[in-house]
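Visitor: Before I ask anything, here is the structure I am working with.
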Amino acid sequence: MGIKISDYATEEPIYSNTYPYNFEVAKDIDEHSSEIANADYQLKISEKWFEGIHVTVADIKTNQPKDFRYSSAQENIGFLYCMEGVIFINKADEASDPVIINANQQSIAFGQLNNTILHINGRVKYLYIQLTSSYYQRIANKTFEAESFPKEKTVTPEMEVLFQSIINSKYAGRANRLFIESKIFELIIYYIDQQHTPASFLIKKDDVDKILSAKKLVEFDLQKPHSLVELARKVGINDYKLKKGFKEITGYTVFGYLYKIRMEQAYHFLAQEKKSVSEVSYLVGYKNPQHFIYAFKKLYKILPGSLNKT
């Protein structure tokens, strides 16, 4: 058993590791960490494994859009949780639309990252939990059926706490193994009989960078934001694809994201730079300061003027 991560364009190996059958180890738990960096990308990867279970925490930064090939010697049941950024997954041997996983989203599948292309643009952090089929069947007393797991990507607060506890475990040795396995039990219990939910909207890879360009325009045009149609025209995509794709990638509508960025910028101007409410209102694109005050109070539950006086 083993994994390999390589540069998709050059096929140059970047990271690889091998494991015993079924991840069995002589000691309580085995671990490995590595850091790889060059002019194009930085990769930090941390692994833990023991019988039936493998856990990976990866932090990838790229200076420009980059494709990585992820190869695995065996297909396992995978729980992929994105902590930060956006992950685009394409099967290397199929001409299909990518699976898109945003921050605080998940994907559950058999052989999730087996022979796939990971498209990374910026920074991505993810947790990938693999369970062997034999382990899952022993614990759940049934074979894995993807249909019994939810198709909804958004991670519930309960699951976010569970995933973060696995990532931040401070235990060592036998205690760490018992702790991780207890969380795996919670994971299986939580998901085993979930109902079906509608499939997510799929975005073609050609449209992904256009939508990300639209996202940047929203971030930099706070004072004079474009309409949805204008935004779509500027990045070269139709407004329907932009509307659906923007929500899929960011978790927000275009104007919901505009509101979010405006309020975050406003909070910074008020709390850090101590600007006046009327000045901040103008800087983030509100013509009427009263409209800005109402929007700010609705989100933060405080008047904006209370921040620049603190």
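Here's how to read the names in the structure tokens: chain A, B, ... by the order shown, residue numbers from 1 in each chain, ligand numbers from 1 in the order shown.
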Using the chain letters and numbers from this document, which residues of segment 35-181 of chain A does DSSP assign to alpha helix (DSSP H), as JSON, numbers by chain?
Guide: {"A": [133, 134, 135, 136, 137, 138, 139, 140, 157, 158, 159, 160, 161, 162, 163, 164, 165, 166, 167, 173, 174, 175, 176, 177, 178, 179, 180, 181]}
Visitor: Report the closest atom pair, with its distance in Å rounded to one decimal, for each residue of segment 37-144 of chain A that has an atom no farther than 8 Å from segment 165-189 of chain A; count only C-alpha atoms, sort by chain and then rising residue number, and write it as a tab-separated table.
Guide:
```
residue	atom	partner	partner_atom	distance
A:Phe50	CA	A:Arg177	CA	7.6
A:Val57	CA	A:Ile167	CA	7.1
A:Leu127	CA	A:Ile167	CA	7.5
A:Ile139	CA	A:Phe185	CA	7.9
A:Ala140	CA	A:Ile188	CA	7.4
```
Visitor: Kindly indicate which residue among A:Asn114, A:Gln272, A:Asn121, A:Thr56 lies nearest to Glu84 of chain A, using only C-alpha atoms for the distances.
Guide: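 Selected residue with least distance to Glu84 of chain A: A:Asn121.
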Visitor: Give the strand (DSSP E) residues of segment 40-279 of chain A, as DSSP finds them on the backbone, and put them as an mmCIF file with N, CA and C atoms, in the first residue's frame.
Guide:
```
data_model
loop_
_atom_site.group_PDB
_atom_site.id
_atom_site.type_symbol
_atom_site.label_atom_id
_atom_site.label_comp_id
_atom_site.auth_asym_id
_atom_site.auth_seq_id
_atom_site.Cartn_x
_atom_site.Cartn_y
_atom_site.Cartn_z
ATOM 1 N N TYR A 41 5.566 26.144 -5.149
ATOM 2 C CA TYR A 41 4.614 25.655 -4.157
ATOM 3 C C TYR A 41 5.330 25.256 -2.864
ATOM 4 N N GLN A 42 4.530 25.160 -1.796
ATOM 5 C CA GLN A 42 5.001 24.661 -0.512
ATOM 6 C C GLN A 42 3.986 23.619 -0.034
ATOM 7 N N LEU A 43 4.484 22.482 0.409
ATOM 8 C CA LEU A 43 3.621 21.397 0.861
ATOM 9 C C LEU A 43 4.057 20.927 2.249
ATOM 10 N N LYS A 44 3.106 20.937 3.189
ATOM 11 C CA LYS A 44 3.313 20.342 4.504
ATOM 12 C C LYS A 44 2.314 19.206 4.645
ATOM 13 N N ILE A 45 2.799 18.045 5.002
ATOM 14 C CA ILE A 45 1.917 16.884 5.118
ATOM 15 C C ILE A 45 2.249 16.119 6.392
ATOM 16 N N SER A 46 1.212 15.745 7.117
ATOM 17 C CA SER A 46 1.365 14.991 8.356
ATOM 18 C C SER A 46 0.440 13.785 8.310
ATOM 19 N N GLU A 47 0.975 12.602 8.584
ATOM 20 C CA GLU A 47 0.192 11.371 8.502
ATOM 21 C C GLU A 47 0.240 10.598 9.824
ATOM 22 N N LYS A 48 -0.870 9.916 10.114
ATOM 23 C CA LYS A 48 -0.953 8.986 11.242
ATOM 24 C C LYS A 48 -1.739 7.778 10.770
ATOM 25 N N TRP A 49 -1.298 6.575 11.164
ATOM 26 C CA TRP A 49 -2.036 5.399 10.734
ATOM 27 C C TRP A 49 -1.853 4.246 11.712
ATOM 28 N N PHE A 50 -2.855 3.398 11.742
ATOM 29 C CA PHE A 50 -2.840 2.139 12.483
ATOM 30 C C PHE A 50 -3.905 1.254 11.861
ATOM 31 N N ILE A 53 -7.050 2.356 9.601
ATOM 32 C CA ILE A 53 -7.262 3.811 9.580
ATOM 33 C C ILE A 53 -5.996 4.545 9.157
ATOM 34 N N HIS A 54 -6.179 5.542 8.294
ATOM 35 C CA HIS A 54 -5.092 6.434 7.903
ATOM 36 C C HIS A 54 -5.620 7.864 7.902
ATOM 37 N N VAL A 55 -4.884 8.779 8.536
ATOM 38 C CA VAL A 55 -5.296 10.178 8.652
ATOM 39 C C VAL A 55 -4.199 11.067 8.076
ATOM 40 N N THR A 56 -4.580 11.948 7.141
ATOM 41 C CA THR A 56 -3.646 12.899 6.544
ATOM 42 C C THR A 56 -4.131 14.314 6.797
ATOM 43 N N VAL A 57 -3.215 15.182 7.240
ATOM 44 C CA VAL A 57 -3.478 16.619 7.297
ATOM 45 C C VAL A 57 -2.477 17.275 6.350
ATOM 46 N N ALA A 58 -2.983 17.995 5.346
ATOM 47 C CA ALA A 58 -2.105 18.602 4.339
ATOM 48 C C ALA A 58 -2.354 20.105 4.256
ATOM 49 N N ASP A 59 -1.273 20.845 4.068
ATOM 50 C CA ASP A 59 -1.316 22.297 3.884
ATOM 51 C C ASP A 59 -0.511 22.596 2.621
ATOM 52 N N ILE A 60 -1.197 23.068 1.566
ATOM 53 C CA ILE A 60 -0.550 23.311 0.277
ATOM 54 C C ILE A 60 -0.709 24.776 -0.101
ATOM 55 N N LYS A 61 0.389 25.419 -0.471
ATOM 56 C CA LYS A 61 0.357 26.799 -0.961
ATOM 57 C C LYS A 61 0.981 26.842 -2.355
ATOM 58 N N THR A 62 0.300 27.498 -3.280
ATOM 59 C CA THR A 62 0.857 27.659 -4.622
ATOM 60 C C THR A 62 0.915 29.140 -4.972
ATOM 61 N N LYS A 66 -1.960 25.424 -9.881
ATOM 62 C CA LYS A 66 -1.064 24.289 -10.023
ATOM 63 C C LYS A 66 -1.850 22.988 -9.942
ATOM 64 N N ASP A 67 -1.493 22.015 -10.786
ATOM 65 C CA ASP A 67 -2.121 20.699 -10.772
ATOM 66 C C ASP A 67 -1.155 19.665 -10.186
ATOM 67 N N PHE A 68 -1.674 18.865 -9.255
ATOM 68 C CA PHE A 68 -0.910 17.785 -8.650
ATOM 69 C C PHE A 68 -1.623 16.463 -8.929
ATOM 70 N N ARG A 69 -0.854 15.431 -9.213
ATOM 71 C CA ARG A 69 -1.428 14.094 -9.366
ATOM 72 C C ARG A 69 -1.293 13.342 -8.044
ATOM 73 N N TYR A 70 -2.417 12.806 -7.586
ATOM 74 C CA TYR A 70 -2.432 12.018 -6.358
ATOM 75 C C TYR A 70 -2.728 10.578 -6.748
ATOM 76 N N SER A 71 -1.816 9.674 -6.429
ATOM 77 C CA SER A 71 -1.983 8.261 -6.774
ATOM 78 C C SER A 71 -1.948 7.427 -5.499
ATOM 79 N N SER A 72 -2.834 6.434 -5.436
ATOM 80 C CA SER A 72 -2.881 5.531 -4.294
ATOM 81 C C SER A 72 -2.883 4.096 -4.786
ATOM 82 N N ILE A 77 -12.191 3.861 1.722
ATOM 83 C CA ILE A 77 -13.305 4.769 1.965
ATOM 84 C C ILE A 77 -12.716 6.073 2.500
ATOM 85 N N GLY A 78 -13.023 7.177 1.840
ATOM 86 C CA GLY A 78 -12.398 8.446 2.186
ATOM 87 C C GLY A 78 -13.373 9.500 2.659
ATOM 88 N N PHE A 79 -13.006 10.182 3.751
ATOM 89 C CA PHE A 79 -13.723 11.348 4.248
ATOM 90 C C PHE A 79 -12.788 12.540 4.053
ATOM 91 N N LEU A 80 -13.086 13.388 3.090
ATOM 92 C CA LEU A 80 -12.228 14.523 2.770
ATOM 93 C C LEU A 80 -12.880 15.804 3.290
ATOM 94 N N TYR A 81 -12.202 16.489 4.199
ATOM 95 C CA TYR A 81 -12.722 17.713 4.808
ATOM 96 C C TYR A 81 -11.781 18.862 4.469
ATOM 97 N N CYS A 82 -12.311 19.896 3.822
ATOM 98 C CA CYS A 82 -11.520 21.072 3.442
ATOM 99 C C CYS A 82 -11.611 22.115 4.559
ATOM 100 N N MET A 83 -10.485 22.459 5.133
ATOM 101 C CA MET A 83 -10.450 23.461 6.203
ATOM 102 C C MET A 83 -10.295 24.870 5.660
ATOM 103 N N GLU A 84 -9.555 25.005 4.574
ATOM 104 C CA GLU A 84 -9.260 26.332 4.026
ATOM 105 C C GLU A 84 -9.042 26.233 2.533
ATOM 106 N N VAL A 86 -10.056 26.168 -1.653
ATOM 107 C CA VAL A 86 -10.965 25.421 -2.518
ATOM 108 C C VAL A 86 -10.188 24.293 -3.177
ATOM 109 N N ILE A 87 -10.716 23.064 -3.092
ATOM 110 C CA ILE A 87 -10.088 21.900 -3.717
ATOM 111 C C ILE A 87 -10.883 21.516 -4.955
ATOM 112 N N PHE A 88 -10.200 21.363 -6.078
ATOM 113 C CA PHE A 88 -10.812 20.888 -7.314
ATOM 114 C C PHE A 88 -10.218 19.517 -7.620
ATOM 115 N N ILE A 89 -11.080 18.522 -7.755
ATOM 116 C CA ILE A 89 -10.631 17.145 -7.957
ATOM 117 C C ILE A 89 -11.140 16.610 -9.284
ATOM 118 N N ASN A 90 -10.227 16.180 -10.136
ATOM 119 C CA ASN A 90 -10.570 15.535 -11.406
ATOM 120 C C ASN A 90 -9.986 14.131 -11.443
ATOM 121 N N LYS A 91 -10.763 13.156 -11.897
ATOM 122 C CA LYS A 91 -10.207 11.832 -12.141
ATOM 123 C C LYS A 91 -9.245 11.915 -13.321
ATOM 124 N N VAL A 99 -14.945 17.693 -9.018
ATOM 125 C CA VAL A 99 -15.612 17.797 -7.725
ATOM 126 C C VAL A 99 -14.992 18.996 -7.025
ATOM 127 N N ILE A 100 -15.825 19.914 -6.555
ATOM 128 C CA ILE A 100 -15.345 21.139 -5.926
ATOM 129 C C ILE A 100 -15.702 21.108 -4.450
ATOM 130 N N ILE A 101 -14.690 21.290 -3.601
ATOM 131 C CA ILE A 101 -14.904 21.268 -2.161
ATOM 132 C C ILE A 101 -14.350 22.567 -1.580
ATOM 133 N N ASN A 102 -15.236 23.356 -0.992
ATOM 134 C CA ASN A 102 -14.854 24.634 -0.409
ATOM 135 C C ASN A 102 -14.485 24.469 1.057
ATOM 136 N N GLN A 105 -16.350 22.327 3.929
ATOM 137 C CA GLN A 105 -17.145 21.349 3.194
ATOM 138 C C GLN A 105 -16.424 20.012 3.196
ATOM 139 N N GLN A 106 -17.161 18.967 2.837
ATOM 140 C CA GLN A 106 -16.647 17.612 2.867
ATOM 141 C C GLN A 106 -17.050 16.859 1.599
ATOM 142 N N SER A 107 -16.399 15.747 1.393
ATOM 143 C CA SER A 107 -16.796 14.810 0.343
ATOM 144 C C SER A 107 -16.501 13.411 0.863
ATOM 145 N N ILE A 108 -17.467 12.509 0.688
ATOM 146 C CA ILE A 108 -17.332 11.130 1.164
ATOM 147 C C ILE A 108 -17.462 10.195 -0.023
ATOM 148 N N ALA A 109 -16.464 9.354 -0.252
ATOM 149 C CA ALA A 109 -16.504 8.486 -1.428
ATOM 150 C C ALA A 109 -15.535 7.334 -1.270
ATOM 151 N N PHE A 110 -15.716 6.320 -2.099
ATOM 152 C CA PHE A 110 -14.803 5.180 -2.153
ATOM 153 C C PHE A 110 -13.720 5.499 -3.171
ATOM 154 N N THR A 116 -6.048 10.796 -9.105
ATOM 155 C CA THR A 116 -6.778 12.033 -9.347
ATOM 156 C C THR A 116 -5.822 13.193 -9.573
ATOM 157 N N ILE A 117 -6.395 14.275 -10.117
ATOM 158 C CA ILE A 117 -5.656 15.524 -10.291
ATOM 159 C C ILE A 117 -6.251 16.542 -9.321
ATOM 160 N N LEU A 118 -5.409 17.108 -8.460
ATOM 161 C CA LEU A 118 -5.831 18.151 -7.534
ATOM 162 C C LEU A 118 -5.419 19.501 -8.108
ATOM 163 N N HIS A 119 -6.402 20.347 -8.379
ATOM 164 C CA HIS A 119 -6.125 21.689 -8.896
ATOM 165 C C HIS A 119 -6.134 22.645 -7.708
ATOM 166 N N ILE A 120 -4.988 23.267 -7.426
ATOM 167 C CA ILE A 120 -4.840 24.154 -6.279
ATOM 168 C C ILE A 120 -4.498 25.555 -6.771
ATOM 169 N N ARG A 123 -3.979 28.823 -1.377
ATOM 170 C CA ARG A 123 -3.708 27.965 -0.218
ATOM 171 C C ARG A 123 -4.877 27.023 0.046
ATOM 172 N N VAL A 124 -4.560 25.771 0.319
ATOM 173 C CA VAL A 124 -5.558 24.757 0.651
ATOM 174 C C VAL A 124 -5.066 23.957 1.852
ATOM 175 N N LYS A 125 -5.950 23.762 2.813
ATOM 176 C CA LYS A 125 -5.670 22.874 3.944
ATOM 177 C C LYS A 125 -6.791 21.855 4.018
ATOM 178 N N TYR A 126 -6.427 20.589 4.148
ATOM 179 C CA TYR A 126 -7.481 19.575 4.211
ATOM 180 C C TYR A 126 -7.106 18.435 5.155
ATOM 181 N N LEU A 127 -8.156 17.753 5.619
ATOM 182 C CA LEU A 127 -8.034 16.531 6.407
ATOM 183 C C LEU A 127 -8.617 15.404 5.573
ATOM 184 N N TYR A 128 -7.863 14.318 5.423
ATOM 185 C CA TYR A 128 -8.333 13.178 4.641
ATOM 186 C C TYR A 128 -8.239 11.929 5.505
ATOM 187 N N ILE A 129 -9.386 11.365 5.843
ATOM 188 C CA ILE A 129 -9.464 10.154 6.658
ATOM 189 C C ILE A 129 -9.775 8.978 5.745
ATOM 190 N N GLN A 130 -8.949 7.950 5.770
ATOM 191 C CA GLN A 130 -9.193 6.742 4.987
ATOM 192 C C GLN A 130 -9.481 5.565 5.925
ATOM 193 N N LEU A 131 -10.523 4.826 5.578
ATOM 194 C CA LEU A 131 -10.848 3.593 6.278
ATOM 195 C C LEU A 131 -10.788 2.455 5.274
#
```
Visitor: Tell me, in Å to one decimal, how far atom CA of Glu230 of chain A is from atom CA of Tyr259 of chain A.
Guide: 17.7 Å
Visitor: May I ask for the distance between atom CA of Ala214 of chain A and atom CA of Val155 of chain A, given in Å to one decimal place?
Guide: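 Computing the Euclidean distance for atom CA of Ala214 of chain A and atom CA of Val155 of chain A yields 25.3 Å.
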Visitor: Identify which of the residues A:Ala232, A:Ala37, A:Ala9, A:Leu270 lies closest to Lys215 of chain A, counting only C-alpha atoms when measuring atom-to-atom distances.
Guide: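 Answer, going by the shortest atom-to-atom distance: A:Ala232.
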Visitor: Determine the nearest neighbour of Ser276 of chain A from the options A:Ile293, A:Ile5, A:Val254, A:Ile249, counting only C-alpha atoms.
Guide: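 So, comparing all the options, the nearest one is A:Ile293.
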Visitor: Do you know which residues are at most 10 Å from Lys243 of chain A counting only C-alpha atoms, after dropping those on the same chain fewer than 6 positions away, and could you put them as a list in words?
Guide: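 Listing them by chain and then by number gives Ile211, Leu228, Val229, Ala232, Tyr252, Thr253, Val254 and Phe255 of chain A.
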Visitor: Next, write the just-selected residues to a file, as a short mmCIF file (atom, residue, chain, number, x, y, z; two decimals), in the first residue's frame, keeping N, CA and C atoms as the atom set.
Guide:
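part-v1.cif, freshly written:
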```
data_model
loop_
_atom_site.label_atom_id
_atom_site.label_comp_id
_atom_site.auth_asym_id
_atom_site.auth_seq_id
_atom_site.Cartn_x
_atom_site.Cartn_y
_atom_site.Cartn_z
N ILE A 211 -14.76 32.27 -12.60
CA ILE A 211 -15.54 32.56 -11.39
C ILE A 211 -14.63 33.11 -10.30
N LEU A 228 -24.71 41.59 -11.65
CA LEU A 228 -24.37 40.21 -11.99
C LEU A 228 -24.07 40.07 -13.47
N VAL A 229 -24.85 40.72 -14.31
CA VAL A 229 -24.64 40.64 -15.76
C VAL A 229 -23.32 41.29 -16.15
N ALA A 232 -20.45 39.05 -15.07
CA ALA A 232 -20.35 37.90 -15.96
C ALA A 232 -19.69 38.28 -17.28
N TYR A 252 -21.43 31.62 -0.93
CA TYR A 252 -22.23 32.84 -0.88
C TYR A 252 -22.77 33.16 -2.28
N THR A 253 -23.88 33.90 -2.32
CA THR A 253 -24.27 34.53 -3.57
C THR A 253 -23.28 35.65 -3.86
N VAL A 254 -23.29 36.17 -5.09
CA VAL A 254 -22.37 37.26 -5.43
C VAL A 254 -22.57 38.44 -4.48
N PHE A 255 -23.80 38.83 -4.25
CA PHE A 255 -24.05 40.00 -3.43
C PHE A 255 -23.99 39.69 -1.94
#
```
Visitor: Could you pull the residues within 6 Å of Gly52 of chain A, counting only C-alpha atoms, minus those fewer than 2 positions along the same chain, as a compact mmCIF listing (two decimals) with C-alpha atoms, in the first residue's frame?
Guide:
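As a result, result.txt now contains:
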```
# COMPACT_ATOMS: atom_id res chain seq x y z
CA ASN A 22 -4.49 -2.69 6.09
CA PHE A 23 -2.25 -0.04 7.74
CA LEU A 131 -10.85 3.59 6.28
CA THR A 132 -10.15 0.21 4.71
CA TYR A 135 -12.32 -2.08 8.91
```
Visitor: Identify which of the residues A:Thr156, A:Ser16, A:Asn76, A:Ser278 lies closest to Ile3 of chain A, counting only C-alpha atoms when measuring atom-to-atom distances.
Guide: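 Once distances to Ile3 of chain A are computed over only C-alpha atoms, the minimum belongs to A:Ser16.
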Visitor: Can you tell me how far atom CA of Gln64 of chain A sits from atom CA of Glu248 of chain A, in Å to one decimal?
Guide: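 Here the two named atoms are 21.5 Å from each other.
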Visitor: What's around Gln290 of chain A at 12 Å? Count only C-alpha atoms, leave out sequence neighbours fewer than 6 positions away in its own chain, and write the answer as JSON, numbers by chain.
Guide: {"A": [277, 278, 280, 281, 282, 296, 297, 303, 304, 305]}
Visitor: Those residues with N, CA and C atoms, as a compact mmCIF listing (two decimals), in the first residue's frame please?
Guide:
```
# COMPACT_ATOMS: atom_id res chain seq x y z
N VAL A 277 -17.35 56.89 10.99
CA VAL A 277 -18.40 56.06 10.41
C VAL A 277 -18.75 56.53 9.01
N SER A 278 -18.84 57.83 8.80
CA SER A 278 -19.20 58.35 7.47
C SER A 278 -18.11 58.03 6.45
N VAL A 280 -15.93 55.47 6.58
CA VAL A 280 -15.95 54.03 6.34
C VAL A 280 -17.14 53.66 5.46
N SER A 281 -18.28 54.30 5.71
CA SER A 281 -19.46 54.06 4.89
C SER A 281 -19.16 54.31 3.42
N TYR A 282 -18.45 55.39 3.13
CA TYR A 282 -18.08 55.72 1.74
C TYR A 282 -17.07 54.71 1.19
N PHE A 296 -24.37 47.11 9.32
CA PHE A 296 -23.30 46.74 10.24
C PHE A 296 -23.87 46.21 11.56
N LYS A 297 -24.87 46.92 12.08
CA LYS A 297 -25.47 46.50 13.35
C LYS A 297 -26.19 45.16 13.21
N LEU A 303 -23.23 49.04 17.27
CA LEU A 303 -23.16 50.20 16.39
C LEU A 303 -21.72 50.39 15.92
N PRO A 304 -21.51 50.72 14.65
CA PRO A 304 -20.13 50.89 14.14
C PRO A 304 -19.36 51.96 14.89
N GLY A 305 -20.04 53.02 15.36
CA GLY A 305 -19.35 54.10 16.06
C GLY A 305 -18.72 53.68 17.36
```
